[in-house]
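Student: The file below is upload-v1.cif, mmCIF, C-alpha atoms and all ligand atoms:
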```cif
data_structure
loop_
_atom_site.label_atom_id
_atom_site.label_comp_id
_atom_site.auth_asym_id
_atom_site.auth_seq_id
_atom_site.Cartn_x
_atom_site.Cartn_y
_atom_site.Cartn_z
CA MET E 1 125.10 90.12 131.44
CA ASN E 2 123.88 86.62 130.57
CA ALA E 3 121.94 85.15 127.67
CA THR E 4 118.59 85.49 129.43
CA SER E 5 118.85 89.27 129.93
CA PHE E 6 116.69 89.92 126.86
CA ALA E 7 114.20 87.12 127.46
CA GLY E 8 111.44 89.36 128.81
CA ILE E 9 111.71 92.26 126.36
CA PRO E 10 108.72 93.15 124.15
CA LYS E 11 108.20 91.08 121.01
CA ARG E 12 106.45 93.86 119.12
CA VAL E 13 107.16 97.58 118.97
CA LYS E 14 105.30 100.57 117.52
CA VAL E 15 107.50 102.99 115.57
CA CYS E 16 106.33 106.60 115.35
CA GLU E 17 107.92 108.13 112.25
CA VAL E 18 108.71 111.80 112.90
CA GLY E 19 110.76 112.59 109.76
CA PRO E 20 108.12 114.76 108.05
CA ARG E 21 107.85 116.93 111.18
CA ASP E 22 110.93 116.73 113.43
CA GLY E 23 113.10 115.90 110.42
CA LEU E 24 112.01 118.65 108.07
CA GLN E 25 111.57 121.41 110.69
CA ASN E 26 115.35 121.67 111.06
CA GLU E 27 116.25 121.68 107.36
CA ALA E 28 117.51 124.84 105.66
CA VAL E 29 116.22 123.94 102.19
CA THR E 30 112.49 124.50 101.80
CA VAL E 31 110.86 121.32 100.56
CA GLY E 32 107.92 121.79 98.21
CA THR E 33 104.45 120.82 99.42
CA SER E 34 104.01 118.08 96.82
CA ASP E 35 107.39 116.55 97.77
CA LYS E 36 106.36 116.51 101.43
CA ILE E 37 103.12 114.77 100.48
CA ARG E 38 104.96 112.21 98.34
CA TYR E 39 107.43 111.58 101.20
CA ILE E 40 104.62 110.94 103.69
CA ASP E 41 102.75 108.73 101.22
CA MET E 42 105.93 106.68 100.72
CA LEU E 43 106.30 106.32 104.51
CA SER E 44 102.66 105.23 104.72
CA ALA E 45 103.40 102.52 102.15
CA ALA E 46 106.22 101.23 104.38
CA GLY E 47 103.72 100.03 106.99
CA LEU E 48 104.41 102.53 109.77
CA ALA E 49 101.60 102.59 112.31
CA MET E 50 102.08 106.23 113.24
CA ILE E 51 103.43 109.13 111.19
CA GLU E 52 103.90 112.64 112.52
CA ALA E 53 102.96 114.50 109.38
CA THR E 54 103.43 118.16 110.24
CA SER E 55 103.06 120.98 112.81
CA PHE E 56 100.34 123.60 113.06
CA VAL E 57 102.77 126.03 114.69
CA SER E 58 103.48 129.66 113.86
CA PRO E 59 105.00 129.94 110.36
CA LYS E 60 107.34 132.53 111.84
CA ALA E 61 108.65 129.92 114.31
CA ILE E 62 109.00 127.11 111.74
CA PRO E 63 108.84 128.45 108.17
CA GLN E 64 109.46 124.97 106.70
CA LEU E 65 106.06 123.74 107.96
CA ALA E 66 104.01 126.80 106.97
CA ASP E 67 102.16 124.58 104.48
CA ALA E 68 100.86 122.24 107.23
CA ASP E 69 97.24 122.75 106.19
CA ALA E 70 97.85 121.78 102.54
CA VAL E 71 100.12 118.87 103.47
CA PHE E 72 97.76 117.38 106.01
CA SER E 73 94.70 117.76 103.82
CA ARG E 74 96.31 116.17 100.78
CA ILE E 75 98.25 113.17 102.12
CA ALA E 76 96.65 109.79 101.42
CA LYS E 77 95.32 108.53 104.76
CA ARG E 78 95.86 104.78 104.91
CA PRO E 79 93.42 102.89 107.12
CA GLY E 80 95.08 101.81 110.35
CA VAL E 81 97.75 104.53 110.25
CA THR E 82 97.62 107.34 112.82
CA TYR E 83 98.61 110.68 111.27
CA LEU E 84 99.75 112.95 114.04
CA ALA E 85 100.20 116.74 113.95
CA LEU E 86 101.83 119.06 116.49
CA VAL E 87 99.64 121.75 118.02
CA PRO E 88 101.17 124.52 120.20
CA ASN E 89 98.04 126.51 121.14
CA HIS E 90 94.33 127.11 120.41
CA LYS E 91 95.06 128.62 117.02
CA GLY E 92 97.04 125.54 116.02
CA PHE E 93 94.25 123.30 117.26
CA GLU E 94 91.66 125.18 115.18
CA ARG E 95 93.85 124.84 112.08
CA ALA E 96 94.35 121.12 112.74
CA ARG E 97 90.64 120.57 113.32
CA ALA E 98 89.79 122.35 110.06
CA CYS E 99 92.01 119.82 108.25
CA GLY E 100 90.24 116.86 109.85
CA VAL E 101 93.12 115.84 112.11
CA SER E 102 92.18 112.90 114.34
CA ALA E 103 95.39 112.78 116.43
CA ILE E 104 97.32 115.74 117.85
CA ALA E 105 100.50 116.18 119.87
CA VAL E 106 100.86 118.94 122.44
CA PHE E 107 104.38 119.74 123.55
CA THR E 108 106.00 121.21 126.60
CA ALA E 109 109.27 120.51 128.41
CA ALA E 110 110.86 119.66 131.75
CA SER E 111 112.98 122.85 131.84
CA GLN E 112 111.71 126.43 131.89
CA THR E 113 114.28 128.09 129.64
CA PHE E 114 113.74 125.70 126.76
CA THR E 115 109.95 125.92 127.09
CA LYS E 116 110.10 129.71 126.96
CA ARG E 117 112.39 129.74 123.92
CA ASN E 118 110.45 127.05 122.11
CA ILE E 119 106.84 128.12 122.66
CA ASN E 120 107.16 131.47 124.47
CA MET E 121 105.37 130.12 127.55
CA THR E 122 106.40 129.01 131.01
CA ILE E 123 105.78 125.34 131.76
CA GLU E 124 102.73 126.39 133.83
CA GLU E 125 101.35 128.53 131.00
CA SER E 126 101.80 125.66 128.57
CA ILE E 127 99.97 123.28 130.92
CA ALA E 128 97.06 125.75 131.22
CA THR E 129 96.90 126.18 127.42
CA PHE E 130 97.06 122.45 126.76
CA ALA E 131 94.51 121.57 129.46
CA ASP E 132 91.97 123.51 127.42
CA VAL E 133 93.07 122.13 124.06
CA VAL E 134 93.15 118.54 125.35
CA ARG E 135 89.69 118.86 126.94
CA THR E 136 88.20 119.94 123.62
CA ALA E 137 90.15 117.36 121.67
CA ARG E 138 89.02 114.53 123.91
CA SER E 139 85.39 115.66 123.75
CA GLU E 140 85.72 115.23 119.96
CA SER E 141 87.43 111.82 120.25
CA ILE E 142 90.72 113.22 118.97
CA TRP E 143 93.67 111.10 120.15
CA VAL E 144 96.31 113.08 122.07
CA ARG E 145 100.04 112.61 122.57
CA GLY E 146 101.94 114.79 125.05
CA TYR E 147 105.64 115.48 124.53
CA ILE E 148 108.02 116.32 127.37
CA SER E 149 111.16 117.78 125.83
CA THR E 150 114.51 118.17 127.63
CA SER E 151 113.71 115.14 129.81
CA PHE E 152 117.35 114.02 129.71
CA GLY E 153 119.04 117.42 129.73
CA CYS E 154 118.46 121.02 128.65
CA PRO E 155 120.65 123.01 126.26
CA PHE E 156 120.33 126.05 128.55
CA GLU E 157 120.01 124.60 132.08
CA GLY E 158 122.07 121.40 131.85
CA ASP E 159 120.98 118.47 134.02
CA VAL E 160 117.25 118.02 134.50
CA PRO E 161 116.13 116.18 137.66
CA VAL E 162 113.83 113.17 137.22
CA GLU E 163 111.34 114.88 139.58
CA ASN E 164 110.88 117.74 137.09
CA VAL E 165 109.97 115.30 134.31
CA VAL E 166 107.65 113.38 136.62
CA SER E 167 105.88 116.56 137.71
CA VAL E 168 105.15 117.59 134.09
CA ALA E 169 104.14 113.99 133.29
CA ASP E 170 101.66 114.06 136.17
CA ARG E 171 100.03 117.20 134.79
CA LEU E 172 99.77 115.79 131.27
CA ALA E 173 98.44 112.48 132.59
CA GLU E 174 95.80 114.34 134.64
CA MET E 175 94.66 116.05 131.43
CA GLY E 176 94.12 112.59 129.97
CA VAL E 177 96.70 112.45 127.18
CA ASP E 178 96.64 109.03 125.55
CA GLU E 179 100.42 108.75 125.23
CA LEU E 180 103.44 110.52 126.68
CA SER E 181 106.59 110.84 124.59
CA ILE E 182 109.71 111.46 126.64
CA GLY E 183 112.14 113.56 124.62
CA ASP E 184 115.91 113.56 124.67
CA THR E 185 115.82 116.78 122.67
CA ILE E 186 119.58 117.29 122.42
CA GLY E 187 120.70 113.64 122.56
CA VAL E 188 122.54 113.69 125.87
CA GLY E 189 120.82 110.76 127.57
CA THR E 190 122.35 107.48 128.71
CA PRO E 191 120.77 104.09 129.61
CA ASP E 192 120.93 104.67 133.38
CA GLN E 193 118.75 107.76 132.90
CA VAL E 194 116.31 105.78 130.77
CA VAL E 195 115.95 103.20 133.54
CA ALA E 196 115.47 105.89 136.20
CA LEU E 197 112.93 107.87 134.15
CA ALA E 198 111.00 104.89 132.81
CA GLY E 199 110.86 103.43 136.33
CA ALA E 200 109.53 106.66 137.86
CA LEU E 201 106.99 107.22 135.07
CA GLN E 202 105.66 103.68 135.20
CA GLU E 203 104.57 104.31 138.75
CA ARG E 204 102.21 106.89 137.29
CA LEU E 205 100.92 105.52 134.05
CA PRO E 206 100.92 102.17 132.25
CA VAL E 207 104.02 101.40 130.21
CA GLU E 208 101.87 101.02 127.05
CA ARG E 209 101.21 104.76 127.22
CA LEU E 210 104.90 105.73 127.29
CA ALA E 211 107.03 106.45 124.22
CA MET E 212 110.72 107.32 123.99
CA HIS E 213 111.95 110.02 121.60
CA PHE E 214 115.70 109.86 121.22
CA HIS E 215 117.90 112.20 119.23
CA ASP E 216 121.19 110.53 118.34
CA THR E 217 123.51 113.51 118.78
CA ARG E 218 126.09 111.58 120.81
CA GLY E 219 125.44 108.10 119.44
CA THR E 220 123.62 106.88 122.57
CA ALA E 221 120.16 106.41 121.05
CA LEU E 222 120.25 102.65 120.42
CA ALA E 223 121.84 101.97 123.80
CA ASN E 224 118.93 103.94 125.24
CA VAL E 225 116.43 101.91 123.20
CA THR E 226 117.94 98.73 124.67
CA ALA E 227 117.47 100.04 128.19
CA ALA E 228 113.93 101.17 127.38
CA LEU E 229 113.04 97.75 125.95
CA GLN E 230 114.32 96.15 129.13
CA MET E 231 111.97 98.50 131.01
CA GLY E 232 109.07 97.26 128.84
CA ILE E 233 108.67 100.34 126.60
CA THR E 234 106.99 99.46 123.29
CA THR E 235 106.80 102.79 121.41
CA PHE E 236 109.81 104.53 119.87
CA ASP E 237 110.04 107.69 117.78
CA ALA E 238 112.50 107.80 114.90
CA SER E 239 113.04 109.73 111.70
CA SER E 240 113.77 108.30 108.29
CA GLY E 241 117.36 108.97 107.30
CA GLY E 242 118.07 110.36 110.79
CA LEU E 243 116.79 113.80 109.81
CA GLY E 244 115.82 116.14 112.54
CA GLY E 245 116.44 118.47 115.40
CA CYS E 246 114.81 121.42 117.02
CA PRO E 247 115.77 124.92 115.81
CA TYR E 248 115.17 126.15 119.38
CA ALA E 249 117.62 123.64 120.91
CA PRO E 250 121.18 124.60 120.00
CA GLY E 251 123.27 121.52 119.24
CA ALA E 252 120.31 119.23 118.63
CA SER E 253 120.97 116.92 115.72
CA GLY E 254 118.91 114.27 114.04
CA ASN E 255 116.53 111.83 115.61
CA LEU E 256 117.49 108.20 115.92
CA SER E 257 117.19 107.05 112.31
CA THR E 258 114.26 104.79 111.48
CA GLU E 259 116.56 102.55 109.45
CA ASP E 260 118.95 102.09 112.40
CA LEU E 261 116.04 101.38 114.74
CA LEU E 262 114.38 98.89 112.37
CA TYR E 263 117.60 96.99 111.68
CA PHE E 264 118.26 96.75 115.39
CA LEU E 265 114.73 95.64 116.32
CA HIS E 266 114.30 93.18 113.47
CA HIS E 267 117.63 91.51 114.22
CA MET E 268 116.56 91.28 117.85
CA LYS E 269 113.47 89.37 116.54
CA ILE E 270 111.18 92.23 117.56
CA GLU E 271 108.37 92.83 115.08
CA THR E 272 107.42 96.30 113.87
CA GLY E 273 105.32 95.62 110.78
CA VAL E 274 107.52 98.11 108.91
CA ASP E 275 109.33 97.37 105.64
CA LEU E 276 112.88 98.70 106.00
CA ASP E 277 113.49 98.81 102.24
CA LYS E 278 110.42 100.98 101.70
CA VAL E 279 111.60 103.38 104.42
CA ARG E 280 114.94 103.54 102.59
CA GLU E 281 113.08 104.49 99.39
CA ALA E 282 111.31 107.33 101.22
CA THR E 283 114.63 108.47 102.67
CA ALA E 284 116.31 108.40 99.24
CA PHE E 285 113.47 110.51 97.85
CA ILE E 286 113.54 113.18 100.57
CA SER E 287 117.35 113.29 100.60
CA ARG E 288 117.32 114.19 96.92
CA ALA E 289 114.83 116.98 97.67
CA LEU E 290 117.02 118.22 100.54
CA GLY E 291 120.24 117.94 98.58
CA HIS E 292 122.20 116.05 101.22
CA ALA E 293 122.91 112.49 102.28
CA PRO E 294 120.91 110.84 105.07
CA ASN E 295 122.39 110.56 108.55
CA SER E 296 121.85 106.85 109.12
CA ARG E 297 124.50 104.18 109.54
CA VAL E 298 122.20 101.40 108.39
CA TYR E 299 121.05 103.40 105.35
CA ALA E 300 124.71 103.92 104.38
CA ALA E 301 125.66 100.28 105.02
CA LEU E 302 122.76 98.92 102.97
CA ALA E 303 123.42 101.39 100.14
CA ALA E 304 127.06 100.23 100.06
CA ALA E 305 125.98 96.58 100.11
CA ASP E 306 123.57 97.25 97.20
CA GLN E 307 126.39 98.82 95.21
CA ASN E 308 128.62 95.83 95.85
CA GLY E 309 125.80 93.52 94.77
CA ALA E 310 125.69 91.91 98.22
P1 LIG H 401 104.07 133.79 120.16
O1 LIG H 401 104.81 134.76 119.32
O2 LIG H 401 104.14 133.94 121.64
O3 LIG H 401 102.54 133.70 119.72
O4 LIG H 401 104.53 132.33 119.74
P2 LIG H 401 101.37 134.74 119.69
O5 LIG H 401 100.15 134.05 120.17
O6 LIG H 401 101.78 136.03 120.37
O7 LIG H 401 101.20 135.01 118.11
C1 LIG H 401 102.21 135.64 117.35
C2 LIG H 401 101.86 135.51 115.87
O8 LIG H 401 101.87 134.12 115.49
C3 LIG H 401 100.46 136.00 115.53
O9 LIG H 401 100.50 136.43 114.17
C4 LIG H 401 99.64 134.74 115.62
O10 LIG H 401 98.46 134.80 114.85
C5 LIG H 401 100.59 133.72 115.03
P3 LIG H 401 100.66 137.99 113.78
O11 LIG H 401 99.52 138.67 114.45
O12 LIG H 401 102.01 138.41 114.36
O13 LIG H 401 100.65 137.97 112.29
N1 LIG H 401 100.33 132.37 115.54
C6 LIG H 401 100.08 131.30 114.75
N2 LIG H 401 100.01 131.17 113.41
C7 LIG H 401 99.74 129.93 112.93
N3 LIG H 401 99.55 128.85 113.71
C8 LIG H 401 99.62 128.94 115.04
C9 LIG H 401 99.88 130.22 115.61
N4 LIG H 401 100.02 130.66 116.88
C10 LIG H 401 100.27 131.96 116.82
N5 LIG H 401 99.44 127.87 115.82
C11 LIG H 401 103.99 129.99 119.51
C12 LIG H 401 104.03 131.19 120.43
C13 LIG H 401 103.67 128.79 120.36
C14 LIG H 401 102.89 130.20 118.47
C15 LIG H 401 105.35 129.87 118.78
O14 LIG H 401 106.39 129.98 119.71
C16 LIG H 401 105.49 128.56 118.05
O15 LIG H 401 104.78 128.31 117.08
N6 LIG H 401 106.41 127.69 118.50
C17 LIG H 401 106.63 126.38 117.91
C18 LIG H 401 108.09 126.02 117.97
C19 LIG H 401 108.31 124.63 117.41
O16 LIG H 401 107.55 124.17 116.57
N7 LIG H 401 109.37 123.98 117.88
C20 LIG H 401 109.71 122.64 117.40
C21 LIG H 401 108.76 121.59 117.87
S1 LIG H 401 109.14 120.98 119.50
C22 LIG H 401 110.37 119.79 119.22
O17 LIG H 401 110.92 119.71 118.15
C23 LIG H 401 110.69 118.82 120.33
C24 LIG H 401 110.10 117.42 120.07
O18 LIG H 401 110.59 116.87 118.88
C25 LIG H 401 110.47 116.49 121.25
C26 LIG H 401 111.94 116.52 121.60
O19 LIG H 401 112.79 116.29 120.72
O20 LIG H 401 112.21 116.74 122.78
C27 LIG H 401 108.56 117.46 119.98
MG MG H 402 112.52 115.92 118.65
#
```
Could you quickly redo this structure as structure tokens?
Ligand code: HMG
Ligand code: MG
Tutor:
Amino acid sequence: MNATSFAGIPKRVKVCEVGPRDGLQNEAVTVGTSDKIRYIDMLSAAGLAMIEATSFVSPKAIPQLADADAVFSRIAKRPGVTYLALVPNHKGFERARACGVSAIAVFTAASQTFTKRNINMTIEESIATFADVVRTARSESIWVRGYISTSFGCPFEGDVPVENVVSVADRLAEMGVDELSIGDTIGVGTPDQVVALAGALQERLPVERLAMHFHDTRGTALANVTAALQMGITTFDASSGGLGGCPYAPGASGNLSTEDLLYFLHHMKIETGVDLDKVREATAFISRALGHAPNSRVYAALAAADQNGA
């Protein structure tokens, strides 16, 4: 590799903060509604352009987010910030709409077994459900993200062929989703897969409409971000303090931490508009509520440097 390898990479990146949703959904300790609201408000103050605030899913599936309606209604909505909420079906969409949600995320996967366990639908059934939801959402000018989980590997089926991801992406693109987020649900992906997937998907929809959602289970997330940047991707999901995981994906650990991502991007001279120190404050707050330390190398390094007066 030579010094010019990074010359063409994006100069600005959008970070989608998923801590309040992907982060909290996997936590054993129930966080109070007012603490969730404070956490999201602190993230808003950090300058994040997009925050996934909650999920309007079945409270039996994700008890932690049973207070989605109260959380979404009461967070302070900063102008210019997109507050996203997950919607699994018509009922979830009605709940989201009643709370004035202006951006939703529908979610399916590239492997059947995970889709069935996660949302009790086949991939085809999920596409039929979401086609309806997305049509209504778009007619009401609601912005839509589509997630494709298990794009890099499935906890039940193992390897997932690129063609399977592309076929689901085609269906979501036909529906007219505004953005596709490609999920490495269990953190098994490597940069060669990122290049293959991003290359195949860019033949179908513009790179500006693609996001990458890496879990850092095996420590490959930032290597994957590097590959994605080299493929021109400009949207990355991350969770403050590296919280996260999917209760329906055995072995899934936290998302790539927002602190690790921001440190990496900022030192690469890539702008995000996000204040790393303010994200750290939000992480410190939610970690106290959860009763455990964050899972972020950069958070730990900066906390140690603060203690040493560096
Ligand atoms: P089901 O049991 O097939 O649903 O679950 P159902 O329609 O038969 O309804 C069963 C009960 O749930 C009924 O209540 C419904 O009213 C209720 P009952 O009559 O028994 O009292 N119900 C709801 N309640 C509130 N809100 C709703 C709702 N829907 C039904 N929206 C269902 C199907 C999809 C609902 C369920 O499986 C579910 O909610 N799954 C969500 C699982 C989830 O949230 N997983 C984590 C998010 S995905 C993820 O983390 C991956 C991602 O990060 C990307 C990546 O990393 O790859 C996005
Ligand atoms: Mg996830």
Student: Find the residues near ligand LIG 401 (chain H). Use a cut-off of 6 Å, count all atoms listed in the file, and write them as a PyMOL selection string.
Tutor: chain E and resi 22+56-59+61-62+88-89+91-92+107+118-120+147+149-150+183-185+246
Student: So the first atom is CA of Ser44 in chain E and the second is CA of His266 in chain E; what is the distance between them in Å, to one decimal place?
Tutor: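 Separating CA of Ser44 in chain E from CA of His266 in chain E is a distance of 18.9 Å.
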Student: Go through E:Tyr248, E:Tyr263, E:Phe130, E:Phe285 one by one, measure the shortest atom-to-atom distance of each to ligand MG 402 (chain H) using only C-alpha atoms and all ligand atoms, and give the residue with the smallest value.
Tutor: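 Using only C-alpha atoms and all ligand atoms, the shortest distance to ligand MG 402 (chain H) belongs to E:Tyr248.
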Student: Between CA of Phe93 in chain E and CA of Ser141 in chain E, what is the distance, to one decimal in Å?
Tutor: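 Between these atoms lies a distance of 13.7 Å.
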Student: Compute the set of protein, DNA and RNA residues whose minimum atom distance to ligand MG 402 (chain H) is at most 12 Å, using only C-alpha atoms and all ligand atoms, and state it as an MDAnalysis selection string.
Tutor: chainID E and resid 16:26 52 86 107:109 118 147:151 181:187 212:217 236:239 242:249 252:257
Student: For a quick check of understanding, using all atoms listed in the file, which of E:Trp143, E:Phe152, E:Tyr83, E:Phe72 has the smallest distance to Ser111 in chain E?
Tutor: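 Checking each of E:Trp143, E:Phe152, E:Tyr83, E:Phe72 against Ser111 in chain E, counting all atoms listed in the file, the winner is E:Phe152.
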Student: Could you check how far CA of Gly189 in chain E sits from CA of Thr220 in chain E, in Å to one decimal?
Tutor: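 Here the two named atoms are 6.9 Å from each other.
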Student: Need the shell around Ala196 in chain E: protein/DNA/RNA residues with any atom at most 12 Å away, counting only C-alpha atoms. Skip same-chain ones fewer than 2 positions apart. Format as a PyMOL selection string?
Tutor: chain E and resi 151-152+161-163+165-166+189-194+198-203+224+227-228+231
Student: Measuring between only C-alpha atoms, which one of E:Val298, E:Val81, E:Ile142, E:Ala66 shows the shortest distance to Ile40 in chain E?
Tutor: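 Of the candidates, the smallest distance to Ile40 in chain E is held by E:Val81.
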Student: Within 12 Å of Thr122 in chain E, counting all atoms listed in the file, which residues qualify if same-chain residues fewer than 4 places away don't, as a VMD selection string?
Tutor: chain E and resid 108 to 118 126 to 129 168
Student: Find the residues near Arg209 in chain E: any atom within 9 Å, counting all atoms listed in the file, skip ones fewer than 4 places away on the same chain, and give them as a PyMOL selection string.
Tutor: chain E and resi 177-181+205+233-235
Student: Give as a list in words the set of residues within 10 Å of the point (120.5, 123.8, 105.4), where distances use the file's coordinates and all atoms listed in the file.
Tutor: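 Counting all atoms listed in the file, I find these residues within 10 Å of (120.5, 123.8, 105.4): Asn26, Glu27, Ala28, Val29, Thr30, Leu290, Gly291 and His292 of chain E.
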Student: Looking at E:Lys14, E:His267, E:Arg74, E:Lys36, which one is nearest to Leu210 in chain E, with distances taken over all atoms listed in the file?
Tutor: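 Residue with the minimum atom-to-atom distance to Leu210 in chain E: E:Lys14.
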Student: Which residues are close to range 7-12 of chain E, i.e. within 6 Å by all atoms listed in the file, leaving aside same-chain residues fewer than 3 positions away? Reply as an NGL selection string.
Tutor: :E and (4 or 229-230 or 270-272)
Student: Which residue out of E:Gln307, E:Glu174, E:Ala98, E:Pro155 has the minimum interatomic distance to Val134 in chain E when all atoms listed in the file are used?
Tutor: E:Glu174
